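Participant: Questions regarding the structure given below will be posed in turn.
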Amino acid sequence: MPEAPTIDTGNTAWLLISSAIVLLMTPGLALFYGGLNRSKGVLNMMMMSFSSMGLISILWLFYGFSVAFGDDQNGVWGDLGQYLGTKTFMAETDLWGETGIPLYVFMAFQMMFAIITVALISGAVSDRAKFSGWLLFAFGWATLVYFPVAHMVWGGGFIGATLGALDFAGGTAVHINAGAAALALALVLGRRAGWPREGMKPHNVPMVALGAGLLWFGWFGFNAGSELTADSTTAIAFLNTQVATGAAVLGWIVVEWLRNGRPTLVGASSGAIAGLVAITPACAFVAPWAAVLLGLVAGAVCAVAVGLKYRLGFDDSLDVVGVHFVGGWIGCLWIGLFGTSTVSSLVAREGLFYGGGATQLGVQALSALIVSVVSFAIAYGLAFLIEKTIGFRVSAEAEADGIDIAEHAESAYDLSPAGGSGGAFALAGIGTPAAGGATGATGATGDGEPAAPVSEKVAG
């Protein structure tokens with residue numbers, strides 16, 4: 001009798017850790033996008049990421065995983081009933097392939113990819129999208145686009161299995177996919193009021209850098225974790241992720257230096273994201289020197305690409321198209337340009353050894369084009385339908401006053417003292433009531449007596 005499959009504790013532990021740090025990327029994205037946003041819309045921006053963590057987790061459990069990784073039905077869709085709602089608790093022998101990893105762990109790992117892919121789109125429509133419209137769009141796009149595309153690329157569908165396109169950790173399935181949808185949403189919702197005449201600078205640069213740092217950290221689980229084990233392929237994916245990102249930081253700030261005369265922290269943070277995006281599909285298929293070159297090119301090209309929205313007239317608020325769509329295309333094509341048999345022999349899949357070349361370059365371009373068109377078309381149709389029914393864009397008054405107040409009845413920065421009126425005196429510590437009473441809106445102390453004049457309090 002053949003031995004029953006057993007759990008590989010090392011592989012399982014590695015993927016559990018990778019899953020957790022990939023999930024951390026979405027709060028990191030919330031901070032990154034939130035810092036880039038204006039202060040009156042930061043909470044709405046962050047809510048789009050956090051709501052994705054809730055909504056997509058449930059969709060993935062009940063049918064997303066089945067669509068993406070169920071047995072192939074038609075090259076586009078997996079067996080919907082195979083893991084539908086997971087049906088019951090899995091047995092110890094229910095493992096993912098030959099990895100020795102419990103099916104639930106692999107399901108959780110891929111769930112984190114689905115979450116952040118949807119959240120990425122939100123940066124294109126900051127300050128003007130209804131939260132209800134966003135939730136409906138996220139539901140529809142995940143169901144009609146992300147789940148099938150994940151199947152086509154990774155789950156045995158025609159892009160990966162038939163065309164032979166390579167995407168180690170998500171350049172096509174995640175970044176090109178999200179970037180194309182972001183462009184569609186930006187076109188349907190239109191420009192922010194005042195854009196591009198008014199300056200709409202990031203309101204909190206340290207928050208941007210913190211978010212970028214969390215994304216950089218989590219990306220090691222994103223890329224190296226995609227090997228599903230700890231081996232030489234994991235090592236090269238890990239190393240390439242680091243050196244490509246470092247090079248992209250340099251590439252972006254050099255462009256800033258030449259164009260504007262000064263490098264910026266926002267630029268360095270954005271360059272890091274561009275490098276992470278670009279290396280994602282290629283991290284296990286290119287040598288480290290090619291990863292460095294990829295980072296330099298991605299950082300420089302994305303720094304230029306983010307300015308195209310001003311020439312072309314579409315308001316991609318936080319440059320999802322310029323960074324994720326363009327960076328994803330660069331990384332996808334890089335496999336055909338610089339894929340090496342020395343490296344790719346480490347990542348043989350079913351006896352095939354992957355290298356670069358003209359044929360692979362064409363396959364990579366075709367796969368990226370297919371995903372771009374599919375994602376853009378469906379996202380545009382969904383957004384247009386939502387706008388014409390329940391409405392996707394907030395009113396002009398809500399946009400002017402601040403979407404945080406209009407959509408969530410809260411603001412990120414309340415500088416007034418608790419229970420009292422704000423203002424310059426309060427910030428300076430002048431007018432603080434005596435012990436035993438709290439100043440209310442009328443200026444009275446807690447026991448009903450009028451507050452002493454400011455001059456008396458200052459005098460002692």
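Identifiers in the structure tokens: chain A, B, ... in order shown; residue index from 1 per chain; ligand index from 1 in order shown.
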Identify, with DSSP run on backbone atoms, the residues in stretch 81-206 of chain A assigned to alpha helix (DSSP H), and express the list as number ranges by chain.

Facilitator: A: 103-121, 131-141, 147-154, 177-189, 205-206

Participant: As a PyMOL selection string, please: the residues near A:Thr280 (cut-off 9 Å, only C-alpha atoms, same-chain neighbours under 6 positions excluded).

Facilitator: chain A and resi 167-171+175+219+222-223+237+241+328+331-332

Participant: Please report the interatomic distance between atom CA of A:Trp134 and atom CA of A:Ser372 in Å with one decimal.

Facilitator: 20.5 Å

Participant: At a cut-off of 10 Å, can you tabulate as a tab-separated table every residue of stretch 189-211 of chain A near stretch 124-133 of chain A together with its closest atom pair and the distance in Å to one decimal, using only C-alpha atoms and ordering rows by chain then number?

Facilitator:
residue	atom	partner	partner_atom	distance
A:Leu189	CA	A:Val125	CA	7.4
A:Gly190	CA	A:Val125	CA	8.7
A:Arg191	CA	A:Arg128	CA	8.7
A:Arg192	CA	A:Arg128	CA	6.7
A:Ala193	CA	A:Arg128	CA	8.8

Participant: Considering only C-alpha atoms, state which residue in the set A:Gln73, A:Ser317, A:Thr99, A:Ser18 is at the smallest distance from A:Met152.

Facilitator: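 Under the stated criterion, the closest residue is A:Gln73.
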
Participant: Rank A:Leu239, A:Met46, A:Ala365, A:Leu385 by their smallest atom-to-atom distance to A:Thr172, using only C-alpha atoms, and report the top residue only.

Facilitator: A:Ala365

Participant: Considering only C-alpha atoms, return as a JSON list (two decimals) with N, CA, C and O atoms, in the first residue's frame whatever protein or nucleic-acid residues lie within 12 Å of A:Leu16, sequence-local ones (same chain, fewer than 4 positions apart) excluded.

Facilitator:
[["chain", "number", "residue", "atom", "x", "y", "z"],
["A", 9, "THR", "N", 6.05, 20.03, 7.48],
["A", 9, "THR", "CA", 5.93, 21.11, 8.46],
["A", 9, "THR", "C", 6.76, 22.33, 8.09],
["A", 9, "THR", "O", 6.36, 23.47, 8.36],
["A", 10, "GLY", "N", 7.91, 22.11, 7.45],
["A", 10, "GLY", "CA", 8.74, 23.24, 7.04],
["A", 10, "GLY", "C", 8.06, 24.08, 5.98],
["A", 10, "GLY", "O", 7.98, 25.32, 6.10],
["A", 11, "ASN", "N", 7.57, 23.43, 4.92],
["A", 11, "ASN", "CA", 6.86, 24.16, 3.87],
["A", 11, "ASN", "C", 5.63, 24.86, 4.42],
["A", 11, "ASN", "O", 5.32, 26.01, 4.06],
["A", 12, "THR", "N", 4.91, 24.17, 5.30],
["A", 12, "THR", "CA", 3.68, 24.74, 5.86],
["A", 12, "THR", "C", 3.98, 25.97, 6.71],
["A", 12, "THR", "O", 3.30, 27.00, 6.61],
["A", 20, "ALA", "N", 0.88, 35.62, 6.26],
["A", 20, "ALA", "CA", 0.67, 36.69, 7.23],
["A", 20, "ALA", "C", 1.32, 37.99, 6.77],
["A", 20, "ALA", "O", 0.72, 39.07, 6.89],
["A", 21, "ILE", "N", 2.54, 37.91, 6.24],
["A", 21, "ILE", "CA", 3.20, 39.16, 5.84],
["A", 21, "ILE", "C", 2.64, 39.69, 4.51],
["A", 21, "ILE", "O", 2.71, 40.90, 4.27],
["A", 22, "VAL", "N", 2.08, 38.81, 3.67],
["A", 22, "VAL", "CA", 1.39, 39.32, 2.49],
["A", 22, "VAL", "C", 0.12, 40.05, 2.91],
["A", 22, "VAL", "O", -0.22, 41.10, 2.34],
["A", 23, "LEU", "N", -0.59, 39.55, 3.91],
["A", 23, "LEU", "CA", -1.75, 40.28, 4.41],
["A", 23, "LEU", "C", -1.35, 41.65, 4.94],
["A", 23, "LEU", "O", -2.07, 42.64, 4.75],
["A", 101, "ILE", "N", 1.74, 20.81, 1.83],
["A", 101, "ILE", "CA", 1.10, 21.94, 2.49],
["A", 101, "ILE", "C", -0.41, 21.69, 2.54],
["A", 101, "ILE", "O", -1.01, 21.37, 1.52],
["A", 102, "PRO", "N", -1.04, 21.82, 3.70],
["A", 102, "PRO", "CA", -2.49, 21.66, 3.77],
["A", 102, "PRO", "C", -3.21, 22.60, 2.81],
["A", 102, "PRO", "O", -2.80, 23.75, 2.62],
["A", 103, "LEU", "N", -4.28, 22.11, 2.22],
["A", 103, "LEU", "CA", -5.02, 22.89, 1.24],
["A", 103, "LEU", "C", -5.47, 24.23, 1.81],
["A", 103, "LEU", "O", -5.44, 25.25, 1.12],
["A", 104, "TYR", "N", -5.88, 24.23, 3.07],
["A", 104, "TYR", "CA", -6.34, 25.47, 3.69],
["A", 104, "TYR", "C", -5.24, 26.53, 3.73],
["A", 104, "TYR", "O", -5.51, 27.73, 3.61],
["A", 105, "VAL", "N", -4.00, 26.11, 3.92],
["A", 105, "VAL", "CA", -2.90, 27.08, 3.99],
["A", 105, "VAL", "C", -2.65, 27.70, 2.62],
["A", 105, "VAL", "O", -2.46, 28.92, 2.50],
["A", 106, "PHE", "N", -2.65, 26.87, 1.58],
["A", 106, "PHE", "CA", -2.48, 27.42, 0.24],
["A", 106, "PHE", "C", -3.65, 28.34, -0.11],
["A", 106, "PHE", "O", -3.47, 29.40, -0.73],
["A", 107, "MET", "N", -4.85, 27.94, 0.29],
["A", 107, "MET", "CA", -6.03, 28.78, 0.06],
["A", 107, "MET", "C", -5.86, 30.14, 0.74],
["A", 107, "MET", "O", -6.15, 31.19, 0.14],
["A", 108, "ALA", "N", -5.37, 30.14, 1.96],
["A", 108, "ALA", "CA", -5.18, 31.40, 2.69],
["A", 108, "ALA", "C", -4.10, 32.25, 2.03],
["A", 108, "ALA", "O", -4.24, 33.48, 1.93],
["A", 109, "PHE", "N", -3.01, 31.63, 1.59],
["A", 109, "PHE", "CA", -1.93, 32.37, 0.93],
["A", 109, "PHE", "C", -2.45, 33.09, -0.32],
["A", 109, "PHE", "O", -2.23, 34.28, -0.50],
["A", 110, "GLN", "N", -3.16, 32.38, -1.16],
["A", 110, "GLN", "CA", -3.68, 32.99, -2.37],
["A", 110, "GLN", "C", -4.80, 34.00, -2.08],
["A", 110, "GLN", "O", -5.02, 34.92, -2.86],
["A", 112, "MET", "N", -4.67, 36.24, 0.17],
["A", 112, "MET", "CA", -4.01, 37.53, 0.40],
["A", 112, "MET", "C", -3.69, 38.23, -0.92],
["A", 112, "MET", "O", -3.73, 39.46, -1.00],
["A", 221, "GLY", "N", 7.32, 37.89, 1.22],
["A", 221, "GLY", "CA", 6.36, 36.80, 1.28],
["A", 221, "GLY", "C", 5.61, 36.65, -0.03],
["A", 221, "GLY", "O", 5.32, 35.54, -0.49],
["A", 222, "PHE", "N", 5.32, 37.76, -0.66],
["A", 222, "PHE", "CA", 4.62, 37.79, -1.94],
["A", 222, "PHE", "C", 5.42, 37.03, -3.01],
["A", 222, "PHE", "O", 4.89, 36.16, -3.71],
["A", 225, "GLY", "N", 7.57, 33.64, -1.19],
["A", 225, "GLY", "CA", 6.58, 32.69, -0.73],
["A", 225, "GLY", "C", 5.91, 31.93, -1.85],
["A", 225, "GLY", "O", 5.39, 30.83, -1.64],
["A", 226, "SER", "N", 5.91, 32.51, -3.05],
["A", 226, "SER", "CA", 5.23, 31.87, -4.17],
["A", 226, "SER", "C", 5.91, 30.59, -4.62],
["A", 226, "SER", "O", 5.32, 29.82, -5.39],
["A", 228, "LEU", "N", 6.47, 28.27, -2.51],
["A", 228, "LEU", "CA", 5.78, 27.32, -1.63],
["A", 228, "LEU", "C", 6.72, 26.44, -0.83],
["A", 228, "LEU", "O", 6.26, 25.53, -0.12],
["A", 229, "THR", "N", 7.98, 26.68, -0.90],
["A", 229, "THR", "CA", 8.94, 25.92, -0.11],
["A", 229, "THR", "C", 10.19, 26.79, 0.06],
["A", 229, "THR", "O", 10.30, 27.85, -0.54]]

Participant: So, counting only C-alpha atoms, which residue among A:Gly100, A:Gly123, A:Gly391, A:Gly78 is closest to A:Ser49?

Facilitator: A:Gly123

Participant: Can you list, as a list in words, every protein, DNA or RNA residue that comes within 7 Å of A:Gly70 when you count only C-alpha atoms, leaving out same-chain residues fewer than 5 positions away?

Facilitator: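 Those residues are Gly78, Asp79, Leu80 and Gln82 of chain A.
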
Participant: Enter the distance from atom CA of A:Val208 to atom CA of A:Gly41, in Å, rounded to one decimal.

Facilitator: 14.7 Å

Participant: Need to verify the contact set: A:Thr245, 6 Å, only C-alpha atoms, exclusion of same-chain residues closer than 5 positions in sequence. Can you return it as an MDAnalysis selection string?

Facilitator: chainID A and resid 272 275:276 295

Participant: Could you name the residues that touch A:Asn37 at 10 Å or less, counting only C-alpha atoms, but leaving out those on the same chain fewer than 2 positions away, as a ChimeraX atom specification?

Facilitator: /A:31-35,39-46,123,126-127,200-205,208,317-318

Participant: Please produce an output containing N, CA and C atoms for each residue in the selection, written as a PDB file, in the first residue's frame.

Facilitator:
ATOM      1  N   LEU A  31      -1.779  52.762   4.264  1.00  0.00           N
ATOM      2  CA  LEU A  31      -0.943  53.870   4.734  1.00  0.00           C
ATOM      3  C   LEU A  31      -0.292  54.605   3.564  1.00  0.00           C
ATOM      4  N   PHE A  32       0.212  53.848   2.602  1.00  0.00           N
ATOM      5  CA  PHE A  32       0.873  54.447   1.437  1.00  0.00           C
ATOM      6  C   PHE A  32      -0.105  55.325   0.656  1.00  0.00           C
ATOM      7  N   TYR A  33      -1.254  54.776   0.325  1.00  0.00           N
ATOM      8  CA  TYR A  33      -2.263  55.548  -0.390  1.00  0.00           C
ATOM      9  C   TYR A  33      -2.811  56.675   0.478  1.00  0.00           C
ATOM     10  N   GLY A  34      -3.025  56.390   1.771  1.00  0.00           N
ATOM     11  CA  GLY A  34      -3.557  57.417   2.654  1.00  0.00           C
ATOM     12  C   GLY A  34      -2.638  58.621   2.765  1.00  0.00           C
ATOM     13  N   GLY A  35      -1.342  58.383   2.871  1.00  0.00           N
ATOM     14  CA  GLY A  35      -0.396  59.485   2.937  1.00  0.00           C
ATOM     15  C   GLY A  35      -0.327  60.282   1.653  1.00  0.00           C
ATOM     16  N   SER A  39      -5.796  65.305   3.006  1.00  0.00           N
ATOM     17  CA  SER A  39      -6.207  64.979   4.371  1.00  0.00           C
ATOM     18  C   SER A  39      -7.712  64.784   4.500  1.00  0.00           C
ATOM     19  N   LYS A  40      -8.505  65.467   3.677  1.00  0.00           N
ATOM     20  CA  LYS A  40      -9.953  65.359   3.827  1.00  0.00           C
ATOM     21  C   LYS A  40     -10.524  64.078   3.226  1.00  0.00           C
ATOM     22  N   GLY A  41      -9.662  63.258   2.601  1.00  0.00           N
ATOM     23  CA  GLY A  41     -10.125  62.004   2.035  1.00  0.00           C
ATOM     24  C   GLY A  41      -9.303  60.802   2.438  1.00  0.00           C
ATOM     25  N   VAL A  42      -8.438  60.964   3.437  1.00  0.00           N
ATOM     26  CA  VAL A  42      -7.515  59.889   3.795  1.00  0.00           C
ATOM     27  C   VAL A  42      -8.245  58.667   4.356  1.00  0.00           C
ATOM     28  N   LEU A  43      -9.273  58.875   5.153  1.00  0.00           N
ATOM     29  CA  LEU A  43      -9.977  57.740   5.759  1.00  0.00           C
ATOM     30  C   LEU A  43     -10.751  56.941   4.718  1.00  0.00           C
ATOM     31  N   ASN A  44     -11.391  57.629   3.794  1.00  0.00           N
ATOM     32  CA  ASN A  44     -12.091  56.941   2.723  1.00  0.00           C
ATOM     33  C   ASN A  44     -11.117  56.101   1.897  1.00  0.00           C
ATOM     34  N   MET A  45      -9.934  56.671   1.666  1.00  0.00           N
ATOM     35  CA  MET A  45      -8.916  55.946   0.904  1.00  0.00           C
ATOM     36  C   MET A  45      -8.487  54.689   1.644  1.00  0.00           C
ATOM     37  N   MET A  46      -8.259  54.809   2.937  1.00  0.00           N
ATOM     38  CA  MET A  46      -7.832  53.659   3.726  1.00  0.00           C
ATOM     39  C   MET A  46      -8.967  52.644   3.899  1.00  0.00           C
ATOM     40  N   GLY A 123      -6.606  53.342  -5.592  1.00  0.00           N
ATOM     41  CA  GLY A 123      -5.794  54.554  -5.643  1.00  0.00           C
ATOM     42  C   GLY A 123      -6.086  55.448  -6.827  1.00  0.00           C
ATOM     43  N   SER A 126      -9.351  58.153  -5.773  1.00  0.00           N
ATOM     44  CA  SER A 126      -9.446  58.753  -4.444  1.00  0.00           C
ATOM     45  C   SER A 126     -10.184  60.085  -4.505  1.00  0.00           C
ATOM     46  N   ASP A 127     -10.815  60.432  -3.397  1.00  0.00           N
ATOM     47  CA  ASP A 127     -11.499  61.710  -3.184  1.00  0.00           C
ATOM     48  C   ASP A 127     -12.822  61.861  -3.918  1.00  0.00           C
ATOM     49  N   MET A 200      -2.516  69.079  -5.595  1.00  0.00           N
ATOM     50  CA  MET A 200      -3.090  68.044  -4.722  1.00  0.00           C
ATOM     51  C   MET A 200      -1.957  67.168  -4.217  1.00  0.00           C
ATOM     52  N   LYS A 201      -1.159  67.774  -3.340  1.00  0.00           N
ATOM     53  CA  LYS A 201       0.049  67.110  -2.864  1.00  0.00           C
ATOM     54  C   LYS A 201      -0.258  66.107  -1.757  1.00  0.00           C
ATOM     55  N   PRO A 202       0.644  65.146  -1.540  1.00  0.00           N
ATOM     56  CA  PRO A 202       0.473  64.214  -0.416  1.00  0.00           C
ATOM     57  C   PRO A 202       0.379  64.972   0.900  1.00  0.00           C
ATOM     58  N   HIS A 203      -0.542  64.552   1.752  1.00  0.00           N
ATOM     59  CA  HIS A 203      -0.742  65.298   2.987  1.00  0.00           C
ATOM     60  C   HIS A 203       0.164  64.812   4.114  1.00  0.00           C
ATOM     61  N   ASN A 204       0.759  63.612   3.992  1.00  0.00           N
ATOM     62  CA  ASN A 204       1.566  63.064   5.078  1.00  0.00           C
ATOM     63  C   ASN A 204       2.672  62.192   4.490  1.00  0.00           C
ATOM     64  N   VAL A 205       3.812  62.787   4.245  1.00  0.00           N
ATOM     65  CA  VAL A 205       4.913  62.063   3.594  1.00  0.00           C
ATOM     66  C   VAL A 205       5.485  60.949   4.476  1.00  0.00           C
ATOM     67  N   VAL A 208       3.501  57.955   3.914  1.00  0.00           N
ATOM     68  CA  VAL A 208       3.811  57.352   2.619  1.00  0.00           C
ATOM     69  C   VAL A 208       5.014  56.422   2.753  1.00  0.00           C
ATOM     70  N   SER A 317      -5.495  59.296  -9.676  1.00  0.00           N
ATOM     71  CA  SER A 317      -5.112  60.106  -8.518  1.00  0.00           C
ATOM     72  C   SER A 317      -3.755  59.739  -7.942  1.00  0.00           C
ATOM     73  N   LEU A 318      -3.525  58.463  -7.658  1.00  0.00           N
ATOM     74  CA  LEU A 318      -2.315  58.044  -6.957  1.00  0.00           C
ATOM     75  C   LEU A 318      -1.403  57.201  -7.843  1.00  0.00           C
TER      76      LEU A 318
END
